[in-house]
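Peer 1: Data: entry12.cif, mmCIF, C-alpha atoms.
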```cif
data_final
#
loop_
_atom_site.label_atom_id
_atom_site.label_comp_id
_atom_site.auth_asym_id
_atom_site.auth_seq_id
_atom_site.Cartn_x
_atom_site.Cartn_y
_atom_site.Cartn_z
CA SER A 1 28.41 102.65 62.92
CA GLN A 2 30.33 105.45 61.27
CA THR A 3 33.24 107.24 62.87
CA ILE A 4 35.45 110.09 61.75
CA HIS A 5 39.02 110.60 62.83
CA GLN A 6 41.29 113.61 62.59
CA TRP A 7 44.94 113.93 63.46
CA PRO A 8 46.87 115.39 64.91
CA ALA A 9 44.68 116.84 67.65
CA THR A 10 47.01 119.78 68.23
CA LEU A 11 49.81 121.20 66.13
CA VAL A 12 52.22 124.08 66.62
CA GLN A 13 54.10 125.07 63.49
CA PRO A 14 56.45 127.91 62.54
CA VAL A 15 55.53 130.36 59.82
CA GLY A 16 56.68 129.10 56.44
CA SER A 17 56.60 125.42 57.34
CA PRO A 18 54.44 122.87 55.48
CA LEU A 19 51.20 121.40 56.79
CA SER A 20 49.38 118.12 56.42
CA LEU A 21 46.17 117.36 58.30
CA GLU A 22 44.43 114.08 57.78
CA CYS A 23 40.82 113.02 58.10
CA THR A 24 39.46 109.51 57.68
CA VAL A 25 35.94 108.14 57.85
CA GLU A 26 35.05 104.57 58.77
CA GLY A 27 31.87 102.61 58.32
CA THR A 28 30.52 104.19 55.15
CA SER A 29 31.26 104.40 51.45
CA ASN A 30 31.44 107.31 49.01
CA PRO A 31 30.84 110.04 51.57
CA ASN A 32 30.87 113.74 50.81
CA LEU A 33 33.81 115.22 52.70
CA TYR A 34 34.36 118.75 53.96
CA TRP A 35 37.10 120.85 55.54
CA TYR A 36 36.09 123.80 57.71
CA ARG A 37 38.15 126.36 59.61
CA GLN A 38 36.92 127.93 62.80
CA ALA A 39 38.50 131.18 63.89
CA ALA A 40 37.65 132.87 67.16
CA GLY A 41 34.41 134.82 66.90
CA ARG A 42 33.93 134.03 63.23
CA GLY A 43 31.98 130.81 63.14
CA LEU A 44 32.90 128.09 60.69
CA GLN A 45 34.10 128.74 57.19
CA LEU A 46 33.90 126.04 54.54
CA LEU A 47 37.29 125.63 52.90
CA PHE A 48 36.92 122.60 50.62
CA TYR A 49 34.44 119.89 49.83
CA SER A 50 34.68 116.66 47.85
CA VAL A 51 32.03 114.37 46.41
CA GLY A 52 34.45 111.67 45.23
CA ILE A 53 38.06 110.57 44.85
CA GLY A 54 40.12 113.28 43.22
CA GLN A 55 37.16 115.70 43.11
CA ILE A 56 37.89 118.82 45.14
CA SER A 57 36.01 122.11 45.18
CA SER A 58 37.53 125.15 46.81
CA GLU A 59 35.31 127.69 48.48
CA VAL A 60 37.74 130.50 49.16
CA PRO A 61 41.12 131.46 47.70
CA GLN A 62 43.78 130.82 50.28
CA ASN A 63 47.08 129.34 51.20
CA LEU A 64 45.67 125.84 51.57
CA SER A 65 44.89 122.90 49.32
CA ALA A 66 43.02 119.63 49.75
CA SER A 67 43.28 116.17 48.29
CA ARG A 68 41.24 113.00 48.41
CA PRO A 69 43.50 110.10 47.50
CA GLN A 70 41.12 107.43 48.77
CA ASP A 71 37.35 107.21 49.16
CA ARG A 72 37.35 107.87 52.89
CA GLN A 73 40.50 109.97 53.27
CA PHE A 74 40.66 113.74 53.04
CA ILE A 75 43.88 115.69 53.46
CA LEU A 76 44.40 119.39 54.04
CA SER A 77 47.81 120.76 53.08
CA SER A 78 49.90 123.86 52.80
CA LYS A 79 53.36 124.41 51.37
CA LYS A 80 54.08 127.44 53.55
CA LEU A 81 52.01 128.33 56.59
CA LEU A 82 51.00 131.90 57.38
CA LEU A 83 50.13 133.34 60.77
CA SER A 84 46.56 133.71 59.54
CA ASP A 85 46.29 129.95 59.05
CA SER A 86 45.98 129.47 62.81
CA GLY A 87 42.63 128.10 63.87
CA PHE A 88 40.56 125.03 64.60
CA TYR A 89 40.19 122.78 61.57
CA LEU A 90 37.21 120.50 61.36
CA CYS A 91 36.53 117.70 58.93
CA ALA A 92 32.99 116.52 58.26
CA TRP A 93 31.20 113.93 56.17
CA SER A 94 27.70 113.42 54.81
CA LEU A 95 25.85 111.03 52.53
CA GLY A 96 23.54 111.91 49.71
CA SER A 97 23.07 114.80 47.36
CA ARG A 98 19.72 116.46 48.10
CA GLY A 99 20.83 119.25 50.39
CA GLN A 100 19.07 117.80 53.42
CA GLU A 101 21.89 115.68 54.68
CA THR A 102 23.31 116.00 58.16
CA GLN A 103 27.01 116.67 58.28
CA TYR A 104 28.92 114.74 60.95
CA PHE A 105 31.99 116.41 62.34
CA GLY A 106 35.30 115.08 63.54
CA PRO A 107 37.00 116.11 66.79
CA GLY A 108 39.08 118.79 65.06
CA THR A 109 42.73 119.83 64.88
CA ARG A 110 43.90 122.96 66.65
CA LEU A 111 46.67 124.62 64.64
CA LEU A 112 48.83 127.40 66.03
CA VAL A 113 51.24 129.07 63.64
CA LEU A 114 54.00 131.06 65.34
CA ALA B 1 23.54 134.07 48.50
CA GLN B 2 22.72 132.72 51.92
CA SER B 3 23.64 134.10 55.29
CA VAL B 4 22.93 133.37 58.94
CA THR B 5 22.85 135.90 61.75
CA GLN B 6 23.16 135.00 65.40
CA LEU B 7 22.81 138.33 67.12
CA ASP B 8 23.76 137.16 70.59
CA SER B 9 27.41 136.21 70.94
CA GLN B 10 26.94 135.27 74.60
CA VAL B 11 23.89 134.31 76.63
CA PRO B 12 24.25 133.85 80.39
CA VAL B 13 21.41 132.06 82.15
CA PHE B 14 20.81 130.45 85.52
CA GLU B 15 20.31 126.74 85.82
CA GLU B 16 16.68 125.58 85.41
CA ALA B 17 15.74 128.84 83.68
CA PRO B 18 14.41 128.86 80.11
CA VAL B 19 16.60 130.03 77.26
CA GLU B 20 16.17 131.15 73.67
CA LEU B 21 19.04 131.45 71.21
CA ARG B 22 18.17 133.55 68.20
CA CYS B 23 18.92 132.77 64.58
CA ASN B 24 17.87 134.66 61.47
CA TYR B 25 18.68 133.60 57.95
CA SER B 26 18.48 134.98 54.46
CA SER B 27 18.09 132.86 51.39
CA SER B 28 16.54 133.22 47.99
CA VAL B 29 15.53 129.57 47.79
CA SER B 30 13.96 126.94 49.99
CA VAL B 31 16.10 126.29 52.99
CA TYR B 32 17.11 123.52 55.27
CA LEU B 33 18.11 124.75 58.70
CA PHE B 34 20.30 123.17 61.35
CA TRP B 35 21.39 123.77 64.92
CA TYR B 36 24.70 122.32 66.07
CA VAL B 37 26.30 122.34 69.53
CA GLN B 38 30.02 122.45 70.21
CA TYR B 39 31.49 121.56 73.59
CA PRO B 40 34.96 122.94 74.40
CA ASN B 41 37.70 121.61 72.15
CA GLN B 42 35.36 119.22 70.37
CA GLY B 43 33.70 118.92 67.01
CA LEU B 44 30.11 119.87 66.31
CA GLN B 45 27.12 117.68 67.14
CA LEU B 46 23.73 117.98 65.50
CA LEU B 47 20.96 119.16 67.84
CA LEU B 48 18.11 119.30 65.35
CA LYS B 49 17.22 120.21 61.80
CA TYR B 50 14.28 121.56 59.83
CA LEU B 51 13.68 120.12 56.39
CA SER B 52 9.95 120.54 55.81
CA GLY B 53 6.59 119.92 57.44
CA SER B 54 5.90 120.90 61.04
CA THR B 55 7.54 124.17 61.92
CA LEU B 56 8.28 123.02 65.47
CA VAL B 57 11.26 120.71 65.51
CA LYS B 58 12.35 118.73 68.52
CA GLY B 59 15.94 117.70 69.02
CA ILE B 60 18.24 116.03 71.47
CA ASN B 61 18.82 117.07 75.09
CA GLY B 62 15.38 118.70 75.36
CA PHE B 63 16.00 121.42 72.78
CA GLU B 64 13.46 122.53 70.20
CA ALA B 65 13.36 125.14 67.47
CA GLU B 66 10.63 126.85 65.52
CA PHE B 67 10.89 127.68 61.85
CA ASN B 68 9.20 130.98 61.00
CA LYS B 69 9.26 131.67 57.29
CA SER B 70 7.70 135.14 57.48
CA GLN B 71 10.29 136.30 59.99
CA THR B 72 13.08 134.20 58.45
CA SER B 73 13.95 132.90 61.88
CA PHE B 74 14.85 129.57 63.43
CA HIS B 75 15.21 130.24 67.15
CA LEU B 76 16.39 127.52 69.52
CA ARG B 77 14.70 127.05 72.88
CA LYS B 78 14.92 124.96 75.99
CA PRO B 79 12.42 125.31 78.86
CA SER B 80 14.91 124.46 81.61
CA VAL B 81 18.68 124.45 81.12
CA HIS B 82 21.28 122.42 82.93
CA ILE B 83 24.91 123.15 83.69
CA SER B 84 25.86 120.58 81.08
CA ASP B 85 24.23 122.73 78.37
CA THR B 86 27.10 125.20 78.64
CA ALA B 87 28.54 125.16 75.12
CA GLU B 88 28.62 127.10 71.88
CA TYR B 89 25.62 126.81 69.60
CA PHE B 90 25.70 127.31 65.85
CA CYS B 91 22.82 127.87 63.48
CA ALA B 92 23.37 126.89 59.85
CA VAL B 93 21.54 126.99 56.53
CA SER B 94 22.12 124.42 53.84
CA ARG B 95 22.83 125.19 50.22
CA PHE B 96 22.31 122.38 47.76
CA THR B 97 25.21 122.05 45.35
CA GLY B 98 24.19 119.09 43.22
CA GLY B 99 26.70 117.01 45.10
CA GLY B 100 26.59 117.32 48.84
CA ASN B 101 25.18 120.23 50.76
CA LYS B 102 27.17 123.25 51.83
CA LEU B 103 26.46 124.69 55.24
CA THR B 104 26.66 128.39 55.93
CA PHE B 105 27.12 128.92 59.66
CA GLY B 106 26.37 131.82 61.93
CA THR B 107 29.09 133.14 64.21
CA GLY B 108 27.78 131.15 67.16
CA THR B 109 26.23 131.87 70.55
CA GLN B 110 28.07 130.94 73.71
CA LEU B 111 25.56 129.69 76.26
CA LYS B 112 26.84 129.89 79.81
CA VAL B 113 24.68 128.23 82.46
CA GLU B 114 25.34 129.37 85.99
CA LEU B 115 24.27 127.97 89.36
#
```
Will you turn the file into structure tokens for me?
Peer 2:
Amino acid sequence: SQTIHQWPATLVQPVGSPLSLECTVEGTSNPNLYWYRQAAGRGLQLLFYSVGIGQISSEVPQNLSASRPQDRQFILSSKKLLLSDSGFYLCAWSLGSRGQETQYFGPGTRLLVL
Amino acid sequence: AQSVTQLDSQVPVFEEAPVELRCNYSSSVSVYLFWYVQYPNQGLQLLLKYLSGSTLVKGINGFEAEFNKSQTSFHLRKPSVHISDTAEYFCAVSRFTGGGNKLTFGTGTQLKVEL
């Protein structure tokens, strides 16, 4: 069966510090991978998605970047965190390319920028 | 452009009572619709999804939803809720990108089941 891991679970970082969040998927090959951010009262916002190694699409201009160095690894980064980067970050994966696919979510990383 | 509206940010209900969580969407193309549930400090779990065919969709934990194209709605229902249903519920519409689907989520409805 497939599983998705995210770490760390919780992170407290000062403004201006760098960020690296990691997401890995097990039990499948060539998944589509997604990063979402959840802010209080605002639902989930898609930040990045990837359909293959090295292929990253950005949904919104922001202080963050994403990379996919391996088939089942997706990394969210920032060089300098802002207060507004605080939130709950969720990674998800899906298979296929017809628009009907279920996305499966990881447990999330709660980031607090002080 | 697609959007999802969940008008109710919070819905309190007593245990064993029925509940309906409302979701309206807008889309210029055929849609695929999803309901996800999120328990505190966890990721999202799929409850059910509508792709095509029967407009009444049954999901896990006794939930069901009805797709209404004329009213552009996809309301979630459960005839009798349990304390364990307390969670946040998100409606989402899928947008096909040619490589993976992008989900546009509503702002969520917090369901609070009370004794």
Peer 1: Using the chain letters and numbers from this file, what does the PyMOL selection byres ((chain B) within 9 of (chain A)) select? Give the answer as JSON, numbers by chain.
Peer 2: {"B": [9, 31, 32, 33, 34, 41, 42, 43, 44, 45, 46, 49, 50, 51, 90, 94, 95, 96, 97, 98, 99, 100, 101, 102, 103, 104, 105, 106, 107, 108]}
Peer 1: From the list A:Glu26, A:Lys80, A:Leu114, A:Gln62, which residue is nearest Val12 of chain A when using only C-alpha atoms?
Peer 2: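 Result for the nearest residue to Val12 of chain A: A:Leu114.
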Peer 1: In terms of the shortest atom-to-atom distance over only C-alpha atoms, which of B:His82, B:Lys112, B:Lys69, B:His75 is closest to Glu15 of chain B?
Peer 2: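 Residue with the minimum atom-to-atom distance to Glu15 of chain B: B:His82.
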Peer 1: Expressed in Å to a single decimal, how great is the separation between atom CA of Phe67 of chain B and atom CA of Tyr39 of chain B?
Peer 2: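 Between these atoms lies a distance of 24.5 Å.
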Peer 1: In Å to one decimal, how far is atom CA of Val25 of chain A from atom CA of Gln2 of chain A?
Peer 2: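 Between these atoms lies a distance of 7.1 Å.
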Peer 1: Using only C-alpha atoms, which residues sit within 8 Å of Gly54 of chain A once same-chain residues fewer than 3 positions away are excluded, as a list in words?
Peer 2: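 Using only C-alpha atoms, the neighbours found are Ser50, Ser67, Arg68 and Pro69 of chain A.
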Peer 1: At what distance in Å, to one decimal, does atom CA of Asn61 of chain B lie from atom CA of Asp85 of chain B?
Peer 2: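 Spanning atom CA of Asp85 of chain B to atom CA of Asn61 of chain B is a straight-line distance of 8.5 Å.
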Peer 1: Report as a list in words all protein, DNA and RNA residues lying within 9 Å of Gly27 of chain A, evaluated on all atoms listed in the file, omitting residues in the same chain fewer than 4 positions from it.
Peer 2: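 Returned residues: Ser1, Gln2, Thr3 and Ile4 of chain A.
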Peer 1: Could you check which of A:Gln6, A:Ser86, A:Gln55, A:Ser78 is closest to Ser20 of chain A, using only C-alpha atoms?
Peer 2: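 Nearest candidate to Ser20 of chain A out of A:Gln6, A:Ser86, A:Gln55, A:Ser78: A:Ser78.
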Peer 1: Going by the chain IDs and residue numbers used in this file, which residues fall under the PyMOL selection byres ((chain B and resi 14) around 9)? Write them as a list in words.
Peer 2: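 Answer for the PyMOL selection byres ((chain B and resi 14) around 9): Pro12, Val13, Glu15, Glu16, Ala17, Pro18, Val81, His82, Ile83, Lys112, Val113, Glu114 and Leu115 of chain B.
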Peer 1: What are the centre and the three edge lengths of an axis-aligned box that wraps all atoms of segment 10-27 of chain B in the file, given that 8 Å is added to every side, written as AutoDock Vina command-line options and rounded to one decimal in Å?
Peer 2:
```
--center_x 20.7 --center_y 130.4 --center_z 68.6 --size_x 28.5 --size_y 25.7 --size_z 50.4
```
Peer 1: For segment 51-97 of chain B, write N, CA and C atoms out as a compact mmCIF listing (two decimals), in the first residue's frame.
Peer 2:
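As a result, part25.txt now contains:
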```
# COMPACT_ATOMS: atom_id res chain seq x y z
N LEU B 51 -17.78 11.86 -10.10
CA LEU B 51 -17.10 11.93 -11.39
C LEU B 51 -18.12 12.00 -12.53
N SER B 52 -19.09 11.12 -12.49
CA SER B 52 -20.14 11.09 -13.51
C SER B 52 -21.19 10.08 -13.05
N GLY B 53 -22.27 9.95 -13.83
CA GLY B 53 -23.26 8.94 -13.52
C GLY B 53 -24.25 9.38 -12.47
N SER B 54 -24.59 8.49 -11.56
CA SER B 54 -25.59 8.77 -10.54
C SER B 54 -25.24 10.01 -9.75
N THR B 55 -26.23 10.86 -9.57
CA THR B 55 -25.96 12.13 -8.87
C THR B 55 -25.86 11.96 -7.37
N LEU B 56 -26.29 10.83 -6.85
CA LEU B 56 -26.18 10.55 -5.42
C LEU B 56 -24.95 9.69 -5.20
N VAL B 57 -24.03 10.22 -4.43
CA VAL B 57 -22.76 9.54 -4.20
C VAL B 57 -22.65 9.16 -2.74
N LYS B 58 -22.32 7.92 -2.50
CA LYS B 58 -22.15 7.47 -1.12
C LYS B 58 -20.66 7.35 -0.79
N GLY B 59 -20.32 7.75 0.44
CA GLY B 59 -18.94 7.73 0.83
C GLY B 59 -18.72 6.94 2.10
N ILE B 60 -17.59 7.21 2.74
CA ILE B 60 -17.25 6.49 3.96
C ILE B 60 -17.96 7.11 5.16
N ASN B 61 -18.02 6.36 6.24
CA ASN B 61 -18.57 6.83 7.52
C ASN B 61 -20.04 7.26 7.42
N GLY B 62 -20.78 6.71 6.46
CA GLY B 62 -22.20 7.00 6.35
C GLY B 62 -22.56 8.31 5.67
N PHE B 63 -21.60 9.01 5.13
CA PHE B 63 -21.87 10.27 4.43
C PHE B 63 -22.30 10.02 2.99
N GLU B 64 -23.09 10.94 2.46
CA GLU B 64 -23.47 10.93 1.06
C GLU B 64 -23.59 12.36 0.58
N ALA B 65 -23.52 12.53 -0.72
CA ALA B 65 -23.64 13.86 -1.31
C ALA B 65 -24.42 13.76 -2.61
N GLU B 66 -25.10 14.83 -2.94
CA GLU B 66 -25.88 14.86 -4.16
C GLU B 66 -25.41 15.96 -5.08
N PHE B 67 -25.09 15.58 -6.29
CA PHE B 67 -24.65 16.53 -7.31
C PHE B 67 -25.88 17.11 -7.99
N ASN B 68 -26.00 18.43 -8.00
CA ASN B 68 -27.12 19.10 -8.64
C ASN B 68 -26.56 20.10 -9.63
N LYS B 69 -26.60 19.73 -10.89
CA LYS B 69 -25.98 20.57 -11.92
C LYS B 69 -26.71 21.90 -12.09
N SER B 70 -28.04 21.88 -12.04
CA SER B 70 -28.80 23.11 -12.26
C SER B 70 -28.58 24.12 -11.14
N GLN B 71 -28.36 23.64 -9.94
CA GLN B 71 -28.10 24.53 -8.81
C GLN B 71 -26.61 24.65 -8.50
N THR B 72 -25.79 24.01 -9.29
CA THR B 72 -24.33 23.98 -9.09
C THR B 72 -23.99 23.73 -7.63
N SER B 73 -24.57 22.67 -7.10
CA SER B 73 -24.34 22.35 -5.69
C SER B 73 -23.89 20.91 -5.53
N PHE B 74 -23.25 20.67 -4.41
CA PHE B 74 -22.77 19.32 -4.08
C PHE B 74 -22.79 19.24 -2.55
N HIS B 75 -23.99 19.20 -1.99
CA HIS B 75 -24.15 19.22 -0.54
C HIS B 75 -23.88 17.85 0.08
N LEU B 76 -23.27 17.88 1.24
CA LEU B 76 -22.91 16.66 1.97
C LEU B 76 -23.93 16.42 3.07
N ARG B 77 -24.35 15.17 3.24
CA ARG B 77 -25.37 14.86 4.24
C ARG B 77 -25.00 13.62 5.02
N LYS B 78 -25.54 13.58 6.24
CA LYS B 78 -25.46 12.36 7.03
C LYS B 78 -26.73 12.30 7.86
N PRO B 79 -27.45 11.19 7.85
CA PRO B 79 -28.74 11.12 8.54
C PRO B 79 -28.63 11.14 10.06
N SER B 80 -27.51 10.68 10.60
CA SER B 80 -27.36 10.63 12.06
C SER B 80 -25.87 10.76 12.39
N VAL B 81 -25.50 11.86 13.01
CA VAL B 81 -24.07 12.10 13.25
C VAL B 81 -23.65 11.54 14.60
N HIS B 82 -22.36 11.32 14.69
CA HIS B 82 -21.74 10.80 15.90
C HIS B 82 -20.69 11.80 16.38
N ILE B 83 -20.37 11.73 17.64
CA ILE B 83 -19.34 12.61 18.20
C ILE B 83 -18.06 12.55 17.37
N SER B 84 -17.72 11.40 16.89
CA SER B 84 -16.49 11.22 16.14
C SER B 84 -16.50 11.92 14.77
N ASP B 85 -17.64 12.42 14.36
CA ASP B 85 -17.73 13.18 13.10
C ASP B 85 -17.27 14.61 13.26
N THR B 86 -17.01 15.03 14.47
CA THR B 86 -16.50 16.39 14.70
C THR B 86 -15.18 16.55 13.97
N ALA B 87 -15.15 17.48 13.03
CA ALA B 87 -13.99 17.67 12.16
C ALA B 87 -14.27 18.84 11.23
N GLU B 88 -13.30 19.15 10.39
CA GLU B 88 -13.53 20.17 9.37
C GLU B 88 -13.70 19.47 8.02
N TYR B 89 -14.66 19.96 7.27
CA TYR B 89 -15.02 19.34 6.01
C TYR B 89 -14.79 20.33 4.86
N PHE B 90 -14.12 19.83 3.84
CA PHE B 90 -13.77 20.67 2.69
C PHE B 90 -14.38 20.10 1.42
N CYS B 91 -15.00 20.98 0.68
CA CYS B 91 -15.49 20.66 -0.66
C CYS B 91 -14.45 21.14 -1.66
N ALA B 92 -14.27 20.41 -2.75
CA ALA B 92 -13.27 20.79 -3.74
C ALA B 92 -13.74 20.44 -5.13
N VAL B 93 -13.30 21.23 -6.09
CA VAL B 93 -13.58 20.96 -7.51
C VAL B 93 -12.25 20.75 -8.21
N SER B 94 -12.24 19.81 -9.13
CA SER B 94 -11.00 19.45 -9.81
C SER B 94 -10.89 20.16 -11.14
N ARG B 95 -9.69 20.57 -11.44
CA ARG B 95 -9.39 21.22 -12.72
C ARG B 95 -8.32 20.41 -13.41
N PHE B 96 -8.65 19.88 -14.56
CA PHE B 96 -7.71 19.04 -15.30
C PHE B 96 -6.63 19.90 -15.93
N THR B 97 -5.38 19.51 -15.75
CA THR B 97 -4.28 20.33 -16.22
C THR B 97 -3.52 19.70 -17.37
```
